[in-house]
$ cat start-v7.txt   # compact mmCIF, N, CA and C atoms
# COMPACT_ATOMS: atom_id res chain seq x y z
N MET A 197 -1.09 96.67 65.31
CA MET A 197 -2.37 96.36 64.72
C MET A 197 -2.21 96.25 63.21
N ALA A 198 -2.85 95.25 62.65
CA ALA A 198 -2.74 95.00 61.21
C ALA A 198 -3.54 96.03 60.42
N ASN A 199 -2.96 96.48 59.32
CA ASN A 199 -3.62 97.49 58.49
C ASN A 199 -4.36 96.88 57.31
N HIS A 200 -4.07 95.63 56.99
CA HIS A 200 -4.72 94.98 55.86
C HIS A 200 -5.47 93.75 56.34
N LYS A 201 -6.45 93.36 55.56
CA LYS A 201 -7.25 92.20 55.91
C LYS A 201 -6.39 90.93 55.99
N SER A 202 -5.48 90.80 55.03
CA SER A 202 -4.61 89.62 55.02
C SER A 202 -3.66 89.61 56.22
N ALA A 203 -3.19 90.78 56.62
CA ALA A 203 -2.30 90.88 57.78
C ALA A 203 -3.06 90.54 59.06
N ALA A 204 -4.31 90.92 59.13
CA ALA A 204 -5.13 90.60 60.31
C ALA A 204 -5.35 89.10 60.40
N LYS A 205 -5.57 88.46 59.26
CA LYS A 205 -5.75 87.01 59.26
C LYS A 205 -4.46 86.32 59.69
N ARG A 206 -3.32 86.81 59.22
CA ARG A 206 -2.05 86.22 59.59
C ARG A 206 -1.83 86.35 61.11
N ALA A 207 -2.24 87.48 61.67
CA ALA A 207 -2.10 87.68 63.11
C ALA A 207 -2.96 86.69 63.88
N ARG A 208 -4.18 86.44 63.39
CA ARG A 208 -5.07 85.47 64.05
C ARG A 208 -4.47 84.06 63.95
N GLN A 209 -3.94 83.72 62.79
CA GLN A 209 -3.33 82.40 62.60
C GLN A 209 -2.13 82.22 63.52
N GLU A 210 -1.34 83.27 63.67
CA GLU A 210 -0.15 83.21 64.50
C GLU A 210 -0.51 82.93 65.96
N ILE A 211 -1.59 83.52 66.43
CA ILE A 211 -2.04 83.28 67.81
C ILE A 211 -2.39 81.81 68.00
N ARG A 212 -3.12 81.24 67.04
CA ARG A 212 -3.50 79.83 67.14
C ARG A 212 -2.28 78.91 67.08
N ARG A 213 -1.38 79.20 66.15
CA ARG A 213 -0.19 78.37 65.99
C ARG A 213 0.71 78.44 67.22
N THR A 214 0.86 79.64 67.77
CA THR A 214 1.70 79.82 68.95
C THR A 214 1.15 79.01 70.12
N ALA A 215 -0.16 79.03 70.29
CA ALA A 215 -0.78 78.26 71.38
C ALA A 215 -0.57 76.76 71.16
N ARG A 216 -0.75 76.31 69.94
CA ARG A 216 -0.59 74.88 69.63
C ARG A 216 0.86 74.45 69.85
N ASN A 217 1.81 75.26 69.37
CA ASN A 217 3.22 74.94 69.54
C ASN A 217 3.61 74.94 71.01
N SER A 218 3.06 75.88 71.77
CA SER A 218 3.35 75.97 73.20
C SER A 218 2.86 74.73 73.93
N ASN A 219 1.67 74.26 73.61
CA ASN A 219 1.14 73.05 74.23
C ASN A 219 2.00 71.84 73.90
N THR A 220 2.41 71.73 72.66
CA THR A 220 3.24 70.59 72.24
C THR A 220 4.59 70.62 72.93
N LYS A 221 5.22 71.80 72.99
CA LYS A 221 6.52 71.92 73.66
C LYS A 221 6.41 71.56 75.13
N SER A 222 5.33 72.00 75.75
CA SER A 222 5.11 71.70 77.16
C SER A 222 4.98 70.20 77.39
N ALA A 223 4.24 69.53 76.52
CA ALA A 223 4.07 68.08 76.65
C ALA A 223 5.40 67.35 76.48
N VAL A 224 6.21 67.80 75.54
CA VAL A 224 7.52 67.18 75.31
C VAL A 224 8.42 67.39 76.52
N ARG A 225 8.43 68.60 77.06
CA ARG A 225 9.26 68.87 78.24
C ARG A 225 8.82 68.05 79.44
N THR A 226 7.50 67.89 79.62
CA THR A 226 6.99 67.09 80.72
C THR A 226 7.42 65.63 80.57
N ALA A 227 7.33 65.11 79.36
CA ALA A 227 7.75 63.72 79.11
C ALA A 227 9.23 63.55 79.40
N GLU A 228 10.03 64.56 79.03
CA GLU A 228 11.47 64.49 79.27
C GLU A 228 11.76 64.52 80.77
N LYS A 229 11.06 65.37 81.51
CA LYS A 229 11.27 65.45 82.95
C LYS A 229 10.93 64.13 83.64
N LYS A 230 9.82 63.51 83.23
CA LYS A 230 9.43 62.23 83.81
C LYS A 230 10.48 61.16 83.52
N LEU A 231 11.01 61.16 82.30
CA LEU A 231 12.03 60.19 81.91
C LEU A 231 13.31 60.41 82.70
N ARG A 232 13.74 61.65 82.82
CA ARG A 232 14.96 61.94 83.57
C ARG A 232 14.81 61.58 85.05
N LEU A 233 13.62 61.78 85.60
CA LEU A 233 13.37 61.41 86.99
C LEU A 233 13.46 59.90 87.17
N ALA A 234 12.89 59.16 86.23
CA ALA A 234 12.96 57.69 86.30
C ALA A 234 14.41 57.22 86.19
N LEU A 235 15.20 57.88 85.35
CA LEU A 235 16.62 57.53 85.23
C LEU A 235 17.37 57.82 86.52
N LYS A 236 17.04 58.96 87.12
CA LYS A 236 17.71 59.36 88.35
C LYS A 236 17.41 58.38 89.48
N GLU A 237 16.20 57.84 89.49
CA GLU A 237 15.78 56.91 90.54
C GLU A 237 16.08 55.45 90.17
N ASN A 238 16.79 55.23 89.06
CA ASN A 238 17.19 53.90 88.59
C ASN A 238 16.00 52.96 88.38
N LYS A 239 14.92 53.47 87.83
CA LYS A 239 13.76 52.65 87.49
C LYS A 239 13.85 52.30 86.01
N ALA A 240 14.52 51.21 85.71
CA ALA A 240 14.82 50.86 84.32
C ALA A 240 13.57 50.53 83.51
N ASP A 241 12.65 49.75 84.10
CA ASP A 241 11.45 49.37 83.35
C ASP A 241 10.57 50.58 83.03
N GLU A 242 10.41 51.44 84.03
CA GLU A 242 9.61 52.65 83.83
C GLU A 242 10.28 53.56 82.81
N ALA A 243 11.60 53.65 82.87
CA ALA A 243 12.34 54.51 81.95
C ALA A 243 12.17 54.04 80.51
N LYS A 244 12.13 52.73 80.31
CA LYS A 244 11.97 52.21 78.94
C LYS A 244 10.61 52.57 78.36
N THR A 245 9.56 52.47 79.17
CA THR A 245 8.23 52.83 78.67
C THR A 245 8.13 54.34 78.46
N LEU A 246 8.74 55.11 79.35
CA LEU A 246 8.72 56.57 79.19
C LEU A 246 9.55 57.01 77.99
N LEU A 247 10.60 56.26 77.67
CA LEU A 247 11.41 56.58 76.49
C LEU A 247 10.59 56.46 75.22
N VAL A 248 9.75 55.44 75.15
CA VAL A 248 8.89 55.25 73.97
C VAL A 248 7.95 56.44 73.82
N ALA A 249 7.34 56.85 74.93
CA ALA A 249 6.41 57.99 74.89
C ALA A 249 7.14 59.28 74.52
N TYR A 250 8.33 59.48 75.09
CA TYR A 250 9.11 60.67 74.79
C TYR A 250 9.54 60.71 73.33
N THR A 251 10.01 59.58 72.84
CA THR A 251 10.46 59.50 71.45
C THR A 251 9.32 59.84 70.50
N SER A 252 8.15 59.32 70.80
CA SER A 252 6.99 59.59 69.96
C SER A 252 6.62 61.07 69.96
N SER A 253 6.54 61.66 71.15
CA SER A 253 6.13 63.06 71.23
C SER A 253 7.18 63.99 70.64
N MET A 254 8.45 63.70 70.86
CA MET A 254 9.51 64.54 70.31
C MET A 254 9.58 64.40 68.79
N GLY A 255 9.39 63.17 68.29
CA GLY A 255 9.40 62.95 66.85
C GLY A 255 8.27 63.70 66.15
N LYS A 256 7.09 63.66 66.76
CA LYS A 256 5.95 64.39 66.18
C LYS A 256 6.19 65.89 66.19
N ALA A 257 6.77 66.39 67.29
CA ALA A 257 7.07 67.82 67.38
C ALA A 257 8.08 68.23 66.32
N ALA A 258 9.07 67.38 66.08
CA ALA A 258 10.07 67.69 65.06
C ALA A 258 9.45 67.64 63.67
N GLN A 259 8.54 66.70 63.48
CA GLN A 259 7.87 66.58 62.19
C GLN A 259 7.03 67.82 61.88
N LYS A 260 6.45 68.40 62.91
CA LYS A 260 5.63 69.60 62.74
C LYS A 260 6.47 70.87 62.65
N GLY A 261 7.78 70.75 62.90
CA GLY A 261 8.66 71.91 62.80
C GLY A 261 8.78 72.69 64.10
N ILE A 262 8.27 72.14 65.20
CA ILE A 262 8.37 72.82 66.48
C ILE A 262 9.79 72.74 66.99
N TYR A 263 10.43 71.59 66.80
CA TYR A 263 11.85 71.41 67.09
C TYR A 263 12.55 71.07 65.78
N HIS A 264 13.81 71.47 65.66
CA HIS A 264 14.59 71.10 64.49
C HIS A 264 14.81 69.59 64.52
N ALA A 265 14.85 68.98 63.38
CA ALA A 265 14.96 67.52 63.28
C ALA A 265 16.23 67.00 63.96
N LYS A 266 17.34 67.71 63.77
CA LYS A 266 18.59 67.24 64.37
C LYS A 266 18.60 67.43 65.89
N THR A 267 17.91 68.46 66.36
CA THR A 267 17.79 68.66 67.81
C THR A 267 17.03 67.50 68.42
N ALA A 268 15.93 67.13 67.78
CA ALA A 268 15.13 66.01 68.28
C ALA A 268 15.93 64.72 68.25
N ALA A 269 16.64 64.47 67.17
CA ALA A 269 17.43 63.25 67.05
C ALA A 269 18.51 63.20 68.12
N ARG A 270 19.15 64.32 68.38
CA ARG A 270 20.22 64.38 69.38
C ARG A 270 19.68 64.10 70.78
N LYS A 271 18.56 64.73 71.12
CA LYS A 271 17.98 64.53 72.45
C LYS A 271 17.49 63.10 72.63
N ILE A 272 16.84 62.56 71.63
CA ILE A 272 16.35 61.18 71.70
C ILE A 272 17.52 60.21 71.85
N SER A 273 18.57 60.43 71.06
CA SER A 273 19.73 59.55 71.10
C SER A 273 20.40 59.56 72.46
N ARG A 274 20.58 60.74 73.03
CA ARG A 274 21.25 60.84 74.32
C ARG A 274 20.44 60.19 75.44
N LEU A 275 19.14 60.41 75.42
CA LEU A 275 18.31 59.80 76.45
C LEU A 275 18.22 58.28 76.25
N ALA A 276 18.16 57.86 75.00
CA ALA A 276 18.08 56.41 74.74
C ALA A 276 19.34 55.71 75.23
N SER A 277 20.49 56.33 75.01
CA SER A 277 21.74 55.70 75.46
C SER A 277 21.79 55.64 76.99
N GLN A 278 21.23 56.64 77.67
CA GLN A 278 21.17 56.62 79.13
C GLN A 278 20.23 55.53 79.62
N VAL A 279 19.10 55.37 78.93
CA VAL A 279 18.14 54.33 79.33
C VAL A 279 18.75 52.96 79.14
N HIS A 280 19.40 52.74 78.02
CA HIS A 280 19.98 51.43 77.74
C HIS A 280 21.18 51.11 78.64
N ALA A 281 21.78 52.16 79.21
CA ALA A 281 22.91 51.94 80.12
C ALA A 281 22.44 51.49 81.50
N THR A 282 21.19 51.82 81.85
CA THR A 282 20.68 51.43 83.18
C THR A 282 20.22 49.99 83.13
N LYS A 283 20.64 49.22 84.09
CA LYS A 283 20.25 47.81 84.17
C LYS A 283 19.82 47.50 85.57
$ encode --input "start-v7.txt" --output "structure tokens"
Amino acid sequence: MANHKSAAKRARQEIRRTARNSNTKSAVRTAEKKLRLALKENKADEAKTLLVAYTSSMGKAAQKGIYHAKTAARKISRLASQVHATK
């Protein structure tokens, strides 16, 4: 329990931020799962559209600091190369 007014405010802010970050991470993971499933089933057209959505959501998450920028770049790059390899 916070002993100071400022510490109590920080605790309230942390709860809100944690919830927001959790929702964003969940959305990114869901997009990645959908993309990987499309790759597994060799659906090239669907995978390309899902890659765009995944890239956007992962980029925004990295921009907000939820994921490290290099982690996001690495994941996007690896999935993009897999999508482009499917024909």
$ residues_around --input "start-v7.txt" --residues "range 240-242 of chain A" --least-positions-apart "4" --cutoff "6 Å" --atoms "all atoms listed in the file" --output "list of chain:residue names"
A:Leu246, A:Leu247, A:Thr282
$ atom_distance --input "start-v7.txt" --atom1 "atom N of Lys239 in chain A" --atom2 "atom C of Ala257 in chain A"
27.0 Å
$ atom_distance --input "start-v7.txt" --atom1 "CA of Lys260 in chain A" --atom2 "CA of Glu228 in chain A"
18.3 Å
$ closest_residue --input "start-v7.txt" --among "A:Gln259, A:Ala234, A:Ala223, A:Thr251" --to "Lys271 in chain A" --atoms "only N, CA and C atoms"
A:Thr251
$ residues_around --input "start-v7.txt" --residues "Thr226 in chain A" --least-positions-apart "3" --cutoff "12 Å" --atoms "only C-alpha atoms" --output "PyMOL selection string"
chain A and resi 219-223+229-233+246+249-250+253-254
$ select_by_dssp --input "start-v7.txt" --residues "chain A" --states "helix (DSSP H, G or I)" --output "MDAnalysis selection string"
chainID A and resid 201:236 240:259 265:281
$ atom_distance --input "start-v7.txt" --atom1 "CA of Ala268 in chain A" --atom2 "atom C of Ala227 in chain A"
12.8 Å
$ closest_residue --input "start-v7.txt" --among "A:Met197, A:Tyr263, A:Glu210, A:Ala204" --to "Arg225 in chain A" --atoms "only C-alpha atoms"
A:Tyr263
$ decode --input "start-v7.txt" --residues "range 202-240 of chain A" --atoms "N, CA and C atoms" --output "CSV table (one decimal), in the first residue's frame"
chain,number,residue,atom,x,y,z
A,202,SER,N,1.6,10.8,-3.9
A,202,SER,CA,2.2,10.6,-5.3
A,202,SER,C,2.4,9.1,-5.6
A,203,ALA,N,2.7,8.3,-4.5
A,203,ALA,CA,2.9,6.9,-4.7
A,203,ALA,C,1.6,6.2,-5.0
A,204,ALA,N,0.5,6.7,-4.4
A,204,ALA,CA,-0.8,6.1,-4.7
A,204,ALA,C,-1.2,6.4,-6.1
A,205,LYS,N,-0.9,7.6,-6.6
A,205,LYS,CA,-1.2,8.0,-8.0
A,205,LYS,C,-0.4,7.1,-9.0
A,206,ARG,N,0.9,6.9,-8.6
A,206,ARG,CA,1.7,6.0,-9.5
A,206,ARG,C,1.1,4.6,-9.5
A,207,ALA,N,0.6,4.1,-8.4
A,207,ALA,CA,0.1,2.8,-8.4
A,207,ALA,C,-1.2,2.7,-9.3
A,208,ARG,N,-2.0,3.7,-9.2
A,208,ARG,CA,-3.2,3.8,-10.1
A,208,ARG,C,-2.8,3.8,-11.6
A,209,GLN,N,-1.8,4.6,-11.9
A,209,GLN,CA,-1.4,4.7,-13.3
A,209,GLN,C,-0.8,3.4,-13.8
A,210,GLU,N,-0.1,2.7,-12.9
A,210,GLU,CA,0.5,1.4,-13.3
A,210,GLU,C,-0.6,0.4,-13.6
A,211,ILE,N,-1.6,0.4,-12.9
A,211,ILE,CA,-2.8,-0.5,-13.2
A,211,ILE,C,-3.3,-0.3,-14.5
A,212,ARG,N,-3.5,1.0,-14.9
A,212,ARG,CA,-4.1,1.4,-16.2
A,212,ARG,C,-3.1,1.0,-17.3
A,213,ARG,N,-1.8,1.3,-17.1
A,213,ARG,CA,-0.8,1.0,-18.1
A,213,ARG,C,-0.7,-0.5,-18.3
A,214,THR,N,-0.7,-1.2,-17.2
A,214,THR,CA,-0.5,-2.7,-17.3
A,214,THR,C,-1.7,-3.3,-18.1
A,215,ALA,N,-2.9,-2.8,-17.9
A,215,ALA,CA,-4.0,-3.3,-18.6
A,215,ALA,C,-3.9,-3.0,-20.1
A,216,ARG,N,-3.5,-1.8,-20.4
A,216,ARG,CA,-3.4,-1.3,-21.8
A,216,ARG,C,-2.3,-2.1,-22.5
A,217,ASN,N,-1.2,-2.3,-21.9
A,217,ASN,CA,-0.1,-3.1,-22.5
A,217,ASN,C,-0.5,-4.5,-22.7
A,218,SER,N,-1.2,-5.1,-21.7
A,218,SER,CA,-1.7,-6.5,-21.8
A,218,SER,C,-2.6,-6.6,-23.0
A,219,ASN,N,-3.5,-5.7,-23.2
A,219,ASN,CA,-4.4,-5.8,-24.4
A,219,ASN,C,-3.7,-5.7,-25.7
A,220,THR,N,-2.7,-4.8,-25.7
A,220,THR,CA,-1.9,-4.6,-27.0
A,220,THR,C,-1.1,-5.9,-27.3
A,221,LYS,N,-0.4,-6.4,-26.2
A,221,LYS,CA,0.4,-7.7,-26.4
A,221,LYS,C,-0.5,-8.8,-26.9
A,222,SER,N,-1.7,-8.9,-26.3
A,222,SER,CA,-2.6,-10.0,-26.7
A,222,SER,C,-3.0,-9.8,-28.2
A,223,ALA,N,-3.3,-8.6,-28.6
A,223,ALA,CA,-3.7,-8.4,-30.0
A,223,ALA,C,-2.5,-8.8,-30.9
A,224,VAL,N,-1.3,-8.4,-30.6
A,224,VAL,CA,-0.2,-8.7,-31.4
A,224,VAL,C,0.0,-10.2,-31.5
A,225,ARG,N,-0.1,-10.9,-30.3
A,225,ARG,CA,0.1,-12.4,-30.3
A,225,ARG,C,-1.0,-13.1,-31.2
A,226,THR,N,-2.3,-12.6,-31.1
A,226,THR,CA,-3.3,-13.1,-31.9
A,226,THR,C,-3.1,-12.9,-33.4
A,227,ALA,N,-2.6,-11.8,-33.8
A,227,ALA,CA,-2.3,-11.5,-35.2
A,227,ALA,C,-1.2,-12.4,-35.6
A,228,GLU,N,-0.2,-12.7,-34.8
A,228,GLU,CA,0.9,-13.6,-35.1
A,228,GLU,C,0.4,-15.0,-35.3
A,229,LYS,N,-0.4,-15.4,-34.4
A,229,LYS,CA,-1.0,-16.8,-34.5
A,229,LYS,C,-1.8,-17.0,-35.8
A,230,LYS,N,-2.6,-16.0,-36.2
A,230,LYS,CA,-3.4,-16.1,-37.4
A,230,LYS,C,-2.4,-16.2,-38.6
A,231,LEU,N,-1.4,-15.4,-38.6
A,231,LEU,CA,-0.4,-15.3,-39.7
A,231,LEU,C,0.3,-16.7,-39.8
A,232,ARG,N,0.8,-17.2,-38.7
A,232,ARG,CA,1.5,-18.5,-38.7
A,232,ARG,C,0.6,-19.6,-39.2
A,233,LEU,N,-0.7,-19.6,-38.8
A,233,LEU,CA,-1.7,-20.6,-39.2
A,233,LEU,C,-1.9,-20.5,-40.8
A,234,ALA,N,-2.0,-19.3,-41.3
A,234,ALA,CA,-2.1,-19.1,-42.7
A,234,ALA,C,-0.8,-19.6,-43.4
A,235,LEU,N,0.3,-19.4,-42.9
A,235,LEU,CA,1.6,-19.9,-43.5
A,235,LEU,C,1.6,-21.5,-43.4
A,236,LYS,N,1.1,-22.0,-42.3
A,236,LYS,CA,1.1,-23.5,-42.2
A,236,LYS,C,0.2,-24.1,-43.2
A,237,GLU,N,-0.9,-23.5,-43.5
A,237,GLU,CA,-1.9,-24.0,-44.4
A,237,GLU,C,-1.6,-23.6,-45.9
A,238,ASN,N,-0.5,-22.9,-46.1
A,238,ASN,CA,-0.1,-22.5,-47.4
A,238,ASN,C,-1.1,-21.6,-48.1
A,239,LYS,N,-1.7,-20.6,-47.4
A,239,LYS,CA,-2.6,-19.7,-47.9
A,239,LYS,C,-1.8,-18.4,-48.1
A,240,ALA,N,-1.2,-18.2,-49.3
A,240,ALA,CA,-0.3,-17.1,-49.6
A,240,ALA,C,-1.0,-15.8,-49.6
